[in-house]
$ cat model.pdb   # PDB, C-alpha atoms and all ligand atoms
ATOM      1  CA  SER Q   1      -4.898 -95.099 114.841
ATOM      2  CA  ASN Q   2      -7.096 -97.427 116.927
ATOM      3  CA  ALA Q   3      -9.572 -97.382 119.832
ATOM      4  CA  LEU Q   4      -6.817 -96.256 122.204
ATOM      5  CA  GLY Q   5      -5.911 -93.380 119.917
ATOM      6  CA  THR Q   6      -2.357 -94.705 119.627
ATOM      7  CA  ARG Q   7      -0.235 -95.006 116.491
ATOM      8  CA  HIS Q   8       1.953 -97.966 117.404
ATOM      9  CA  ILE Q   9       1.353 -99.454 120.840
ATOM     10  CA  GLY Q  10      -1.841-101.457 121.345
ATOM     11  CA  ARG Q  11      -2.701-102.064 117.691
ATOM     12  CA  GLN Q  12      -3.555-105.531 118.927
ATOM     13  CA  VAL Q  13      -4.153-106.414 122.584
ATOM     14  CA  ILE Q  14      -4.239-110.028 123.740
ATOM     15  CA  TYR Q  15      -5.548-110.808 127.192
ATOM     16  CA  PHE Q  16      -4.977-113.930 129.312
ATOM     17  CA  ALA Q  17      -6.827-114.627 132.549
ATOM     18  CA  GLN Q  18      -3.740-116.602 133.539
ATOM     19  CA  THR Q  19      -0.467-117.401 131.841
ATOM     20  CA  ASP Q  20       3.043-118.392 132.906
ATOM     21  CA  SER Q  21       4.647-115.129 131.771
ATOM     22  CA  THR Q  22       3.398-112.445 129.388
ATOM     23  CA  ASN Q  23       6.985-112.111 128.126
ATOM     24  CA  LEU Q  24       6.956-115.750 126.983
ATOM     25  CA  ARG Q  25       3.646-115.184 125.144
ATOM     26  CA  ALA Q  26       5.091-112.062 123.490
ATOM     27  CA  HIS Q  27       8.167-114.027 122.335
ATOM     28  CA  GLU Q  28       5.898-116.543 120.605
ATOM     29  CA  LEU Q  29       3.997-113.714 118.936
ATOM     30  CA  GLY Q  30       7.230-112.016 117.940
ATOM     31  CA  LYS Q  31       8.558-115.198 116.341
ATOM     32  CA  SER Q  32       5.315-115.783 114.444
ATOM     33  CA  GLY Q  33       5.361-112.290 112.945
ATOM     34  CA  ALA Q  34       2.789-110.436 115.072
ATOM     35  CA  PRO Q  35       2.676-106.717 114.287
ATOM     36  CA  GLU Q  36       4.682-104.141 116.153
ATOM     37  CA  GLY Q  37       2.720-102.712 119.042
ATOM     38  CA  THR Q  38       1.062-106.005 119.974
ATOM     39  CA  VAL Q  39       0.395-105.998 123.725
ATOM     40  CA  VAL Q  40      -0.045-109.069 125.918
ATOM     41  CA  LEU Q  41      -1.869-108.538 129.212
ATOM     42  CA  ALA Q  42      -2.568-111.044 131.974
ATOM     43  CA  ASP Q  43      -4.652-110.973 135.098
ATOM     44  CA  SER Q  44      -2.134-113.267 136.802
ATOM     45  CA  GLN Q  45       1.160-114.980 135.998
ATOM     46  CA  THR Q  46       2.204-118.344 137.363
ATOM     47  CA  ALA Q  47       5.884-117.825 136.488
ATOM     48  CA  GLY Q  48       6.388-114.054 136.278
ATOM     49  CA  LYS Q  49      10.018-113.373 135.419
ATOM     50  CA  GLY Q  50      12.424-110.866 136.934
ATOM     51  CA  ARG Q  51      15.972-110.316 135.751
ATOM     52  CA  LEU Q  52      18.735-112.899 136.117
ATOM     53  CA  GLY Q  53      16.313-115.758 136.710
ATOM     54  CA  ARG Q  54      14.530-114.008 139.579
ATOM     55  CA  ARG Q  55      10.769-114.229 140.044
ATOM     56  CA  TRP Q  56       8.174-111.495 139.764
ATOM     57  CA  SER Q  57       5.329-111.951 142.213
ATOM     58  CA  SER Q  58       2.117-111.811 140.136
ATOM     59  CA  PRO Q  59      -1.062-112.349 142.174
ATOM     60  CA  ALA Q  60      -4.425-112.296 140.356
ATOM     61  CA  GLY Q  61      -6.822-109.390 140.130
ATOM     62  CA  VAL Q  62      -4.639-106.630 141.532
ATOM     63  CA  ASN Q  63      -1.723-105.598 139.309
ATOM     64  CA  LEU Q  64      -0.661-104.801 135.778
ATOM     65  CA  TYR Q  65       1.382-107.399 133.884
ATOM     66  CA  ALA Q  66       2.115-106.393 130.308
ATOM     67  CA  SER Q  67       4.493-107.264 127.502
ATOM     68  CA  VAL Q  68       4.795-105.026 124.487
ATOM     69  CA  LEU Q  69       6.239-106.213 121.189
ATOM     70  CA  VAL Q  70       8.246-103.639 119.246
ATOM     71  CA  ARG Q  71      10.498-103.801 116.206
ATOM     72  CA  PRO Q  72      12.617-100.647 116.395
ATOM     73  CA  PRO Q  73      14.877-100.097 113.362
ATOM     74  CA  VAL Q  74      18.035 -99.749 115.461
ATOM     75  CA  ALA Q  75      21.156-101.829 116.084
ATOM     76  CA  PRO Q  76      20.947-104.480 118.836
ATOM     77  CA  ARG Q  77      23.458-102.550 120.978
ATOM     78  CA  HIS Q  78      20.815 -99.802 121.342
ATOM     79  CA  ALA Q  79      18.199-102.196 122.745
ATOM     80  CA  SER Q  80      18.824-100.994 126.322
ATOM     81  CA  GLN Q  81      17.500 -97.555 125.277
ATOM     82  CA  LEU Q  82      14.009 -99.049 125.284
ATOM     83  CA  THR Q  83      14.292 -99.795 129.011
ATOM     84  CA  PHE Q  84      14.550 -96.066 129.660
ATOM     85  CA  LEU Q  85      11.548 -95.586 127.409
ATOM     86  CA  SER Q  86       9.332 -97.978 129.367
ATOM     87  CA  ALA Q  87      10.560 -96.643 132.728
ATOM     88  CA  ALA Q  88       9.727 -93.072 131.656
ATOM     89  CA  ALA Q  89       6.279 -94.182 130.468
ATOM     90  CA  VAL Q  90       5.558 -95.914 133.791
ATOM     91  CA  ALA Q  91       6.822 -92.908 135.779
ATOM     92  CA  ARG Q  92       4.576 -90.553 133.777
ATOM     93  CA  THR Q  93       1.588 -92.841 134.283
ATOM     94  CA  VAL Q  94       2.114 -93.086 138.036
ATOM     95  CA  ALA Q  95       2.540 -89.301 138.287
ATOM     96  CA  GLU Q  96      -0.576 -88.669 136.199
ATOM     97  CA  THR Q  97      -2.656 -91.106 138.267
ATOM     98  CA  ALA Q  98      -1.781 -89.699 141.701
ATOM     99  CA  SER Q  99       0.444 -86.953 143.057
ATOM    100  CA  LEU Q 100       3.256 -89.116 144.359
ATOM    101  CA  PRO Q 101       7.045 -88.695 144.614
ATOM    102  CA  VAL Q 102       8.003 -90.823 141.598
ATOM    103  CA  SER Q 103      11.610 -91.519 140.714
ATOM    104  CA  VAL Q 104      13.515 -93.862 138.452
ATOM    105  CA  LYS Q 105      16.322 -96.107 139.664
ATOM    106  CA  TRP Q 106      19.047 -96.683 137.107
ATOM    107  CA  PRO Q 107      18.738 -98.657 134.954
ATOM    108  CA  ASN Q 108      15.298-100.251 135.187
ATOM    109  CA  ASP Q 109      13.073 -99.698 138.202
ATOM    110  CA  VAL Q 110      10.420 -97.126 139.070
ATOM    111  CA  LEU Q 111      10.105 -96.073 142.699
ATOM    112  CA  VAL Q 112       7.562 -94.197 144.783
ATOM    113  CA  ALA Q 113       9.056 -92.588 147.895
ATOM    114  CA  GLY Q 114      12.106 -94.830 147.407
ATOM    115  CA  ARG Q 115      10.096 -98.052 147.215
ATOM    116  CA  LYS Q 116       9.855-100.208 144.109
ATOM    117  CA  ILE Q 117       6.445 -99.979 142.445
ATOM    118  CA  ALA Q 118       7.371-101.369 139.029
ATOM    119  CA  GLY Q 119       9.855-103.721 137.448
ATOM    120  CA  LEU Q 120      10.879-103.871 133.804
ATOM    121  CA  LEU Q 121      12.268-106.803 131.860
ATOM    122  CA  ASN Q 122      13.264-106.144 128.264
ATOM    123  CA  GLU Q 123      14.233-109.149 126.203
ATOM    124  CA  LEU Q 124      15.850-109.073 122.807
ATOM    125  CA  ASP Q 125      15.589-111.439 119.913
ATOM    126  CA  ALA Q 126      18.177-110.192 117.480
ATOM    127  CA  GLU Q 127      20.002-111.406 114.480
ATOM    128  CA  THR Q 128      23.513-110.058 114.293
ATOM    129  CA  GLU Q 129      22.855-106.768 112.532
ATOM    130  CA  ARG Q 130      19.308-105.841 113.390
ATOM    131  CA  ILE Q 131      16.687-106.348 116.047
ATOM    132  CA  HIS Q 132      14.163-108.951 114.962
ATOM    133  CA  TYR Q 133      11.876-107.933 117.800
ATOM    134  CA  LEU Q 134      12.081-106.700 121.363
ATOM    135  CA  VAL Q 135       9.753-107.565 124.252
ATOM    136  CA  LEU Q 136       9.168-104.809 126.815
ATOM    137  CA  GLY Q 137       7.974-106.550 129.980
ATOM    138  CA  ILE Q 138       6.297-104.253 132.488
ATOM    139  CA  GLY Q 139       4.933-105.134 135.923
ATOM    140  CA  VAL Q 140       3.314-102.404 138.029
ATOM    141  CA  ASN Q 141       1.969-102.978 141.535
ATOM    142  CA  LEU Q 142      -1.458-101.353 141.569
ATOM    143  CA  ASN Q 143      -3.829-102.742 144.209
ATOM    144  CA  MET Q 144      -1.453-105.237 145.807
ATOM    145  CA  THR Q 145      -1.649-105.323 149.599
ATOM    146  CA  ALA Q 146       1.295-105.659 151.988
ATOM    147  CA  ASP Q 147       0.638-109.352 152.692
ATOM    148  CA  GLN Q 148       0.815-110.156 148.952
ATOM    149  CA  PHE Q 149       4.484-109.191 148.576
ATOM    150  CA  PRO Q 150       7.036-111.991 148.427
ATOM    151  CA  GLU Q 151       9.358-112.522 151.370
ATOM    152  CA  ASP Q 152      12.540-112.300 149.305
ATOM    153  CA  LEU Q 153      12.126-108.607 148.389
ATOM    154  CA  ARG Q 154      15.420-107.192 147.122
ATOM    155  CA  TYR Q 155      14.490-103.781 148.484
ATOM    156  CA  PRO Q 156      11.367-102.123 149.878
ATOM    157  CA  ALA Q 157       8.339-102.330 147.585
ATOM    158  CA  THR Q 158       4.995-100.582 147.344
ATOM    159  CA  SER Q 159       1.832-100.406 145.241
ATOM    160  CA  MET Q 160      -0.453 -97.552 144.163
ATOM    161  CA  LEU Q 161      -2.906 -98.680 146.845
ATOM    162  CA  LEU Q 162      -0.281 -98.717 149.597
ATOM    163  CA  ALA Q 163       1.174 -95.369 148.512
ATOM    164  CA  THR Q 164      -2.123 -93.496 148.191
ATOM    165  CA  GLY Q 165      -4.580 -95.407 150.385
ATOM    166  CA  ARG Q 166      -6.920 -95.701 147.404
ATOM    167  CA  SER Q 167      -7.339 -98.408 144.818
ATOM    168  CA  VAL Q 168      -6.785 -97.534 141.168
ATOM    169  CA  SER Q 169      -8.669 -98.730 138.110
ATOM    170  CA  ARG Q 170      -6.507-101.279 136.311
ATOM    171  CA  ILE Q 171      -8.116-100.546 132.957
ATOM    172  CA  ASP Q 172      -7.598 -96.774 133.268
ATOM    173  CA  PHE Q 173      -4.006 -97.214 134.406
ATOM    174  CA  THR Q 174      -3.303 -99.649 131.561
ATOM    175  CA  ARG Q 175      -4.794 -97.314 128.922
ATOM    176  CA  CYS Q 176      -2.798 -94.402 130.300
ATOM    177  CA  LEU Q 177       0.414 -96.462 130.246
ATOM    178  CA  LEU Q 178      -0.105 -97.638 126.664
ATOM    179  CA  ARG Q 179      -0.671 -94.023 125.561
ATOM    180  CA  HIS Q 180       2.513 -92.827 127.263
ATOM    181  CA  LEU Q 181       4.449 -95.718 125.731
ATOM    182  CA  ASP Q 182       3.057 -94.750 122.339
ATOM    183  CA  VAL Q 183       3.984 -91.060 122.678
ATOM    184  CA  LEU Q 184       7.526 -91.890 123.766
ATOM    185  CA  TYR Q 185       7.954 -94.580 121.106
ATOM    186  CA  GLU Q 186       6.847 -92.149 118.389
ATOM    187  CA  LEU Q 187       9.380 -89.646 119.775
ATOM    188  CA  TYR Q 188      12.070 -92.340 119.727
ATOM    189  CA  LEU Q 189      11.362 -93.288 116.129
ATOM    190  CA  THR Q 190      11.294 -89.720 114.867
ATOM    191  CA  GLN Q 191      13.877 -87.968 117.082
ATOM    192  CA  GLY Q 192      16.020 -90.715 118.547
ATOM    193  CA  PHE Q 193      17.055 -91.504 122.097
ATOM    194  CA  VAL Q 194      17.833 -87.983 123.385
ATOM    195  CA  PRO Q 195      14.238 -86.826 124.093
ATOM    196  CA  VAL Q 196      13.439 -90.235 125.628
ATOM    197  CA  LEU Q 197      16.466 -89.992 127.902
ATOM    198  CA  GLU Q 198      15.395 -86.456 128.852
ATOM    199  CA  ALA Q 199      11.958 -87.763 129.837
ATOM    200  CA  TRP Q 200      13.621 -90.444 131.983
ATOM    201  CA  MET Q 201      16.110 -87.926 133.440
ATOM    202  CA  SER Q 202      13.283 -85.766 134.755
ATOM    203  CA  TYR Q 203      12.570 -88.565 137.263
ATOM    204  CA  PHE Q 204      16.221 -89.368 138.050
ATOM    205  CA  ASP Q 205      17.334 -87.909 141.368
ATOM    206  CA  LEU Q 206      20.946 -89.082 141.693
ATOM    207  CA  ILE Q 207      22.761 -86.496 139.537
ATOM    208  CA  GLY Q 208      25.560 -85.000 141.632
ATOM    209  CA  ARG Q 209      25.053 -87.570 144.372
ATOM    210  CA  ALA Q 210      27.748 -89.837 145.769
ATOM    211  CA  VAL Q 211      26.980 -93.479 145.055
ATOM    212  CA  GLU Q 212      28.522 -96.884 145.285
ATOM    213  CA  VAL Q 213      28.131 -99.309 142.420
ATOM    214  CA  ASP Q 214      28.735-103.023 142.386
ATOM    215  CA  TYR Q 215      29.601-104.395 139.010
ATOM    216  CA  HIS Q 216      31.994-106.898 137.449
ATOM    217  CA  ASP Q 217      32.797-108.204 140.945
ATOM    218  CA  ARG Q 218      34.108-104.864 142.115
ATOM    219  CA  ARG Q 219      32.789-101.873 144.010
ATOM    220  CA  VAL Q 220      33.265 -98.331 142.749
ATOM    221  CA  VAL Q 221      32.522 -95.155 144.688
ATOM    222  CA  GLY Q 222      31.951 -91.929 142.774
ATOM    223  CA  THR Q 223      29.697 -89.001 141.973
ATOM    224  CA  VAL Q 224      26.999 -89.384 139.327
ATOM    225  CA  ALA Q 225      27.797 -87.017 136.433
ATOM    226  CA  GLY Q 226      25.051 -88.144 134.064
ATOM    227  CA  LEU Q 227      24.242 -90.734 131.436
ATOM    228  CA  ASP Q 228      25.723 -91.173 127.989
ATOM    229  CA  ASP Q 229      23.733 -91.711 124.827
ATOM    230  CA  ASP Q 230      23.576 -95.466 125.356
ATOM    231  CA  GLY Q 231      22.194 -95.010 128.856
ATOM    232  CA  ALA Q 232      25.458 -95.942 130.592
ATOM    233  CA  LEU Q 233      25.976 -94.291 133.973
ATOM    234  CA  LEU Q 234      28.867 -91.792 134.060
ATOM    235  CA  LEU Q 235      30.733 -91.512 137.362
ATOM    236  CA  VAL Q 236      33.520 -89.203 138.481
ATOM    237  CA  LEU Q 237      35.778 -91.073 140.882
ATOM    238  CA  GLY Q 238      37.722 -89.690 143.835
ATOM    239  CA  ASP Q 239      40.889 -89.219 141.743
ATOM    240  CA  GLY Q 240      38.972 -87.223 139.111
ATOM    241  CA  SER Q 241      38.941 -90.027 136.559
ATOM    242  CA  ARG Q 242      35.737 -90.984 134.786
ATOM    243  CA  GLU Q 243      34.095 -94.362 134.721
ATOM    244  CA  ARG Q 244      31.334 -95.617 132.437
ATOM    245  CA  VAL Q 245      29.063 -98.207 134.043
ATOM    246  CA  LEU Q 246      26.935-100.316 131.692
ATOM    247  CA  ALA Q 247      25.133-102.426 134.287
ATOM    248  CA  GLY Q 248      25.206-102.772 138.031
ATOM    249  CA  ASP Q 249      23.536-102.073 141.332
ATOM    250  CA  VAL Q 250      23.696 -98.406 142.369
ATOM    251  CA  ARG Q 251      23.211 -97.239 145.952
ATOM    252  CA  PRO Q 252      23.307 -93.609 147.077
ATOM    253  CA  LEU Q 253      25.723 -92.930 149.943
ATOM    254  CA  LYS Q 254      24.437 -90.865 152.862
TER
HETATM  255  C1  LIG K 301      12.347-106.906 137.708
HETATM  256  O1  LIG K 301      13.275-107.859 138.020
HETATM  257  O2  LIG K 301      12.109-105.940 138.376
HETATM  258  C2  LIG K 301      11.586-107.173 136.410
HETATM  259  C3  LIG K 301      10.151-107.567 136.653
HETATM  260  C4  LIG K 301       9.367-107.634 135.356
HETATM  261  C5  LIG K 301       7.975-108.164 135.567
HETATM  262  C6  LIG K 301       7.124-108.080 134.324
HETATM  263  S1  LIG K 301       5.455-108.505 134.629
HETATM  264  C7  LIG K 301       5.112-108.612 132.943
HETATM  265  C8  LIG K 301       6.320-109.247 132.289
HETATM  266  N1  LIG K 301       6.215-110.687 132.285
HETATM  267  C9  LIG K 301       7.157-111.265 133.046
HETATM  268  O3  LIG K 301       7.282-112.490 133.217
HETATM  269  N2  LIG K 301       7.951-110.312 133.595
HETATM  270  C10 LIG K 301       7.558-108.984 133.171
HETATM  271  P1  LIG K 301      14.334-107.738 139.184
HETATM  272  O4  LIG K 301      14.960-106.379 139.163
HETATM  273  O5  LIG K 301      15.200-108.924 139.012
HETATM  274  O6  LIG K 301      13.484-107.836 140.498
HETATM  275  C11 LIG K 301      12.973-109.077 140.940
HETATM  276  C12 LIG K 301      13.001-109.052 142.456
HETATM  277  O7  LIG K 301      12.062-108.074 142.923
HETATM  278  C13 LIG K 301      12.581-110.347 143.103
HETATM  279  O8  LIG K 301      13.692-111.202 143.300
HETATM  280  C14 LIG K 301      11.975-109.878 144.434
HETATM  281  O9  LIG K 301      13.015-109.612 145.380
HETATM  282  C15 LIG K 301      11.360-108.551 144.071
HETATM  283  N3  LIG K 301       9.943-108.651 143.688
HETATM  284  C16 LIG K 301       9.269-109.732 143.221
HETATM  285  N4  LIG K 301       8.009-109.426 142.940
HETATM  286  C17 LIG K 301       7.853-108.111 143.232
HETATM  287  C18 LIG K 301       6.773-107.198 143.130
HETATM  288  N5  LIG K 301       5.564-107.541 142.645
HETATM  289  N6  LIG K 301       6.999-105.913 143.523
HETATM  290  C19 LIG K 301       8.189-105.513 143.986
HETATM  291  N7  LIG K 301       9.258-106.330 144.096
HETATM  292  C20 LIG K 301       9.088-107.619 143.717
END
$ encode --input "model.pdb" --output "structure tokens"
Amino acid sequence: SNALGTRHIGRQVIYFAQTDSTNLRAHELGKSGAPEGTVVLADSQTAGKGRLGRRWSSPAGVNLYASVLVRPPVAPRHASQLTFLSAAAVARTVAETASLPVSVKWPNDVLVAGRKIAGLLNELDAETERIHYLVLGIGVNLNMTADQFPEDLRYPATSMLLATGRSVSRIDFTRCLLRHLDVLYELYLTQGFVPVLEAWMSYFDLIGRAVEVDYHDRRVVGTVAGLDDDGALLLVLGDGSRERVLAGDVRPLK
């Protein structure tokens, strides 16, 4: 173990005052053989990445921008399981830092009182049969103020400061997050996805709720029955049939 007291995550931590994207730095490290658990942190990002080519607003001095390099010994089709792992770690860290109503939004956001406080971007570099490495990109809004949010917000956003009225220590929050990631990653390696999914599920508040989901250019309405062991969303439709949703935008119906 190391100064953080972790077994895997944070064995090496690389800090940039400014970089384009911590995920891009982590890809370079992954390709050049950096050890599992290497963490890239930045004070600001000039080209923070969201999913599907979107941007992640990354002002200096206020937030957490991290990319964690892991090399899990699992098949590439299981890579999405690690998104649930980082979401659960962020949710635990937020809950431990302040008593706030934390929830997870399937598949990869963390919300406080229904507002997005964190975004996750996992990127895979795989050969056909095994994962060469995986980058877990994590952005958490800590001391960001309302005027620092971008105008193109996909849905309401918040920060620890806005949610609690108090600023949080970035270093304490980061340490806490790396420890939770480490605990969950150790659990994943030794016991598989089930306990990680259970940790995530404890923050998921849509079980039994009616939702609409947009995916593959169509809209499905159903009741959330649960998740399967790949993290796919299981819906029961109006006619009683079941539908497995691998990716999509889920909205609860009133
Ligand atoms: C995400 O994308 O939520 C993934 C964000 C991952 C960011 C981390 S930071 C460290 C690492 N390095 C990177 O380059 N990226 C990762 P998505 O679900 O596509 O959401 C992006 C959308 O959220 C944008 O189009 C905006 O509408 C909105 N948005 C942008 N910045 C935001 C912020 N700071 N807080 C809340 N919403 C934001």
$ residues_around --input "model.pdb" --residues "stretch 32-38 of chain Q" --least-positions-apart "4" --cutoff "12 Å" --atoms "only C-alpha atoms" --output "mmCIF file with C-alpha atoms, in the coordinates of the input"
data_model
loop_
_atom_site.group_PDB
_atom_site.id
_atom_site.type_symbol
_atom_site.label_atom_id
_atom_site.label_comp_id
_atom_site.auth_asym_id
_atom_site.auth_seq_id
_atom_site.Cartn_x
_atom_site.Cartn_y
_atom_site.Cartn_z
ATOM 1 C CA SER Q 1 -4.898 -95.099 114.841
ATOM 2 C CA ASN Q 2 -7.096 -97.427 116.927
ATOM 3 C CA LEU Q 4 -6.817 -96.256 122.204
ATOM 4 C CA THR Q 6 -2.357 -94.705 119.627
ATOM 5 C CA ARG Q 7 -0.235 -95.006 116.491
ATOM 6 C CA HIS Q 8 1.953 -97.966 117.404
ATOM 7 C CA ILE Q 9 1.353 -99.454 120.840
ATOM 8 C CA GLY Q 10 -1.841 -101.457 121.345
ATOM 9 C CA ARG Q 11 -2.701 -102.064 117.691
ATOM 10 C CA GLN Q 12 -3.555 -105.531 118.927
ATOM 11 C CA VAL Q 13 -4.153 -106.414 122.584
ATOM 12 C CA ILE Q 14 -4.239 -110.028 123.740
ATOM 13 C CA TYR Q 15 -5.548 -110.808 127.192
ATOM 14 C CA THR Q 22 3.398 -112.445 129.388
ATOM 15 C CA ASN Q 23 6.985 -112.111 128.126
ATOM 16 C CA ARG Q 25 3.646 -115.184 125.144
ATOM 17 C CA ALA Q 26 5.091 -112.062 123.490
ATOM 18 C CA HIS Q 27 8.167 -114.027 122.335
ATOM 19 C CA GLU Q 28 5.898 -116.543 120.605
ATOM 20 C CA ALA Q 66 2.115 -106.393 130.308
ATOM 21 C CA SER Q 67 4.493 -107.264 127.502
ATOM 22 C CA VAL Q 68 4.795 -105.026 124.487
ATOM 23 C CA LEU Q 69 6.239 -106.213 121.189
ATOM 24 C CA VAL Q 70 8.246 -103.639 119.246
ATOM 25 C CA ARG Q 71 10.498 -103.801 116.206
ATOM 26 C CA PRO Q 72 12.617 -100.647 116.395
ATOM 27 C CA PRO Q 73 14.877 -100.097 113.362
ATOM 28 C CA HIS Q 132 14.163 -108.951 114.962
ATOM 29 C CA TYR Q 133 11.876 -107.933 117.800
ATOM 30 C CA LEU Q 134 12.081 -106.700 121.363
ATOM 31 C CA VAL Q 135 9.753 -107.565 124.252
ATOM 32 C CA LEU Q 136 9.168 -104.809 126.815
ATOM 33 C CA LEU Q 178 -0.105 -97.638 126.664
ATOM 34 C CA ARG Q 179 -0.671 -94.023 125.561
ATOM 35 C CA LEU Q 181 4.449 -95.718 125.731
ATOM 36 C CA ASP Q 182 3.057 -94.750 122.339
ATOM 37 C CA TYR Q 185 7.954 -94.580 121.106
ATOM 38 C CA GLU Q 186 6.847 -92.149 118.389
#
$ closest_residue --input "model.pdb" --among "Q:Gly114, Q:Gly137, Q:Pro76, Q:Gly231" --to "ligand LIG 301 (chain K)" --atoms "only C-alpha atoms and all ligand atoms"
Q:Gly137
$ closest_residue --input "model.pdb" --among "Q:Thr158, Q:Asn143, Q:Gln81, Q:Thr128" --to "ligand LIG 301 (chain K)" --atoms "all atoms listed in the file"
Q:Thr158
$ resolve_selection --input "model.pdb" --expression "the PyMOL selection byres (((not hetatm)) within 7 of (chain K and resi 301))" --output "PDB file with C-alpha atoms, in the frame of the given file"
ATOM      1  CA  SER Q  21       4.647-115.129 131.771  1.00  0.00           C
ATOM      2  CA  THR Q  22       3.398-112.445 129.388  1.00  0.00           C
ATOM      3  CA  ASN Q  23       6.985-112.111 128.126  1.00  0.00           C
ATOM      4  CA  ALA Q  47       5.884-117.825 136.488  1.00  0.00           C
ATOM      5  CA  GLY Q  48       6.388-114.054 136.278  1.00  0.00           C
ATOM      6  CA  LYS Q  49      10.018-113.373 135.419  1.00  0.00           C
ATOM      7  CA  GLY Q  50      12.424-110.866 136.934  1.00  0.00           C
ATOM      8  CA  ARG Q  51      15.972-110.316 135.751  1.00  0.00           C
ATOM      9  CA  LEU Q  52      18.735-112.899 136.117  1.00  0.00           C
ATOM     10  CA  ARG Q  54      14.530-114.008 139.579  1.00  0.00           C
ATOM     11  CA  ARG Q  55      10.769-114.229 140.044  1.00  0.00           C
ATOM     12  CA  TRP Q  56       8.174-111.495 139.764  1.00  0.00           C
ATOM     13  CA  SER Q  57       5.329-111.951 142.213  1.00  0.00           C
ATOM     14  CA  SER Q  58       2.117-111.811 140.136  1.00  0.00           C
ATOM     15  CA  TYR Q  65       1.382-107.399 133.884  1.00  0.00           C
ATOM     16  CA  ALA Q  66       2.115-106.393 130.308  1.00  0.00           C
ATOM     17  CA  SER Q  67       4.493-107.264 127.502  1.00  0.00           C
ATOM     18  CA  ASP Q 109      13.073 -99.698 138.202  1.00  0.00           C
ATOM     19  CA  LYS Q 116       9.855-100.208 144.109  1.00  0.00           C
ATOM     20  CA  ILE Q 117       6.445 -99.979 142.445  1.00  0.00           C
ATOM     21  CA  ALA Q 118       7.371-101.369 139.029  1.00  0.00           C
ATOM     22  CA  GLY Q 119       9.855-103.721 137.448  1.00  0.00           C
ATOM     23  CA  LEU Q 120      10.879-103.871 133.804  1.00  0.00           C
ATOM     24  CA  LEU Q 121      12.268-106.803 131.860  1.00  0.00           C
ATOM     25  CA  GLY Q 137       7.974-106.550 129.980  1.00  0.00           C
ATOM     26  CA  ILE Q 138       6.297-104.253 132.488  1.00  0.00           C
ATOM     27  CA  GLY Q 139       4.933-105.134 135.923  1.00  0.00           C
ATOM     28  CA  ASN Q 141       1.969-102.978 141.535  1.00  0.00           C
ATOM     29  CA  PHE Q 149       4.484-109.191 148.576  1.00  0.00           C
ATOM     30  CA  PRO Q 150       7.036-111.991 148.427  1.00  0.00           C
ATOM     31  CA  ASP Q 152      12.540-112.300 149.305  1.00  0.00           C
ATOM     32  CA  LEU Q 153      12.126-108.607 148.389  1.00  0.00           C
ATOM     33  CA  ARG Q 154      15.420-107.192 147.122  1.00  0.00           C
ATOM     34  CA  TYR Q 155      14.490-103.781 148.484  1.00  0.00           C
ATOM     35  CA  ALA Q 157       8.339-102.330 147.585  1.00  0.00           C
ATOM     36  CA  THR Q 158       4.995-100.582 147.344  1.00  0.00           C
TER      37      THR Q 158
END
$ closest_residue --input "model.pdb" --among "Q:His216, Q:Arg92, Q:Lys254, Q:Arg209" --to "Q:Val112" --atoms "all atoms listed in the file"
Q:Arg92
$ resolve_selection --input "model.pdb" --expression "the PyMOL selection byres (((chain Q and resi 202) around 12) and not hetatm)" --output "PyMOL selection string"
chain Q and resi 84+87-89+91-92+95+102-105+195-201+203-207
$ closest_residue --input "model.pdb" --among "Q:Leu162, Q:Leu233, Q:Val245, Q:Val94" --to "Q:Val140" --atoms "only C-alpha atoms"
Q:Val94
$ closest_residue --input "model.pdb" --among "Q:Arg175, Q:Arg170, Q:Arg244, Q:Arg77" --to "Q:Asn63" --atoms "all atoms listed in the file"
Q:Arg170
$ closest_residue --input "model.pdb" --among "Q:Ala113, Q:Ala3, Q:Val62, Q:Ala17" --to "Q:Val40" --atoms "all atoms listed in the file"
Q:Ala17
$ atom_distance --input "model.pdb" --atom1 "atom CA of Q:Gly248" --atom2 "atom CA of Q:Val213"
6.3 Å
$ atom_distance --input "model.pdb" --atom1 "atom CA of Q:Leu161" --atom2 "atom CA of Q:Leu41"
20.2 Å
$ atom_distance --input "model.pdb" --atom1 "atom CA of Q:Leu246" --atom2 "atom CA of Q:Val90"
21.9 Å
$ decode --input "model.pdb" --residues "stretch 36-54 of chain Q" --atoms "C-alpha atoms" --output "PDB file, in the first residue's frame"
ATOM      1  CA  GLU Q  36      -2.679   0.028 -12.964  1.00  0.00           C
ATOM      2  CA  GLY Q  37      -4.037   2.566 -10.523  1.00  0.00           C
ATOM      3  CA  THR Q  38      -2.199   5.518 -12.063  1.00  0.00           C
ATOM      4  CA  VAL Q  39      -4.285   8.657 -11.507  1.00  0.00           C
ATOM      5  CA  VAL Q  40      -4.117  11.841 -13.573  1.00  0.00           C
ATOM      6  CA  LEU Q  41      -5.432  14.999 -11.910  1.00  0.00           C
ATOM      7  CA  ALA Q  42      -5.734  18.496 -13.349  1.00  0.00           C
ATOM      8  CA  ASP Q  43      -6.575  21.855 -11.896  1.00  0.00           C
ATOM      9  CA  SER Q  44      -8.216  22.843 -15.187  1.00  0.00           C
ATOM     10  CA  GLN Q  45      -8.921  21.314 -18.593  1.00  0.00           C
ATOM     11  CA  THR Q  46      -8.974  23.255 -21.833  1.00  0.00           C
ATOM     12  CA  ALA Q  47     -10.849  20.517 -23.720  1.00  0.00           C
ATOM     13  CA  GLY Q  48     -12.679  18.481 -21.068  1.00  0.00           C
ATOM     14  CA  LYS Q  49     -14.607  15.711 -22.796  1.00  0.00           C
ATOM     15  CA  GLY Q  50     -18.172  14.549 -22.245  1.00  0.00           C
ATOM     16  CA  ARG Q  51     -19.777  11.634 -24.038  1.00  0.00           C
ATOM     17  CA  LEU Q  52     -20.553  11.623 -27.758  1.00  0.00           C
ATOM     18  CA  GLY Q  53     -18.220  14.521 -28.498  1.00  0.00           C
ATOM     19  CA  ARG Q  54     -19.814  16.815 -25.916  1.00  0.00           C
TER      20      ARG Q  54
END
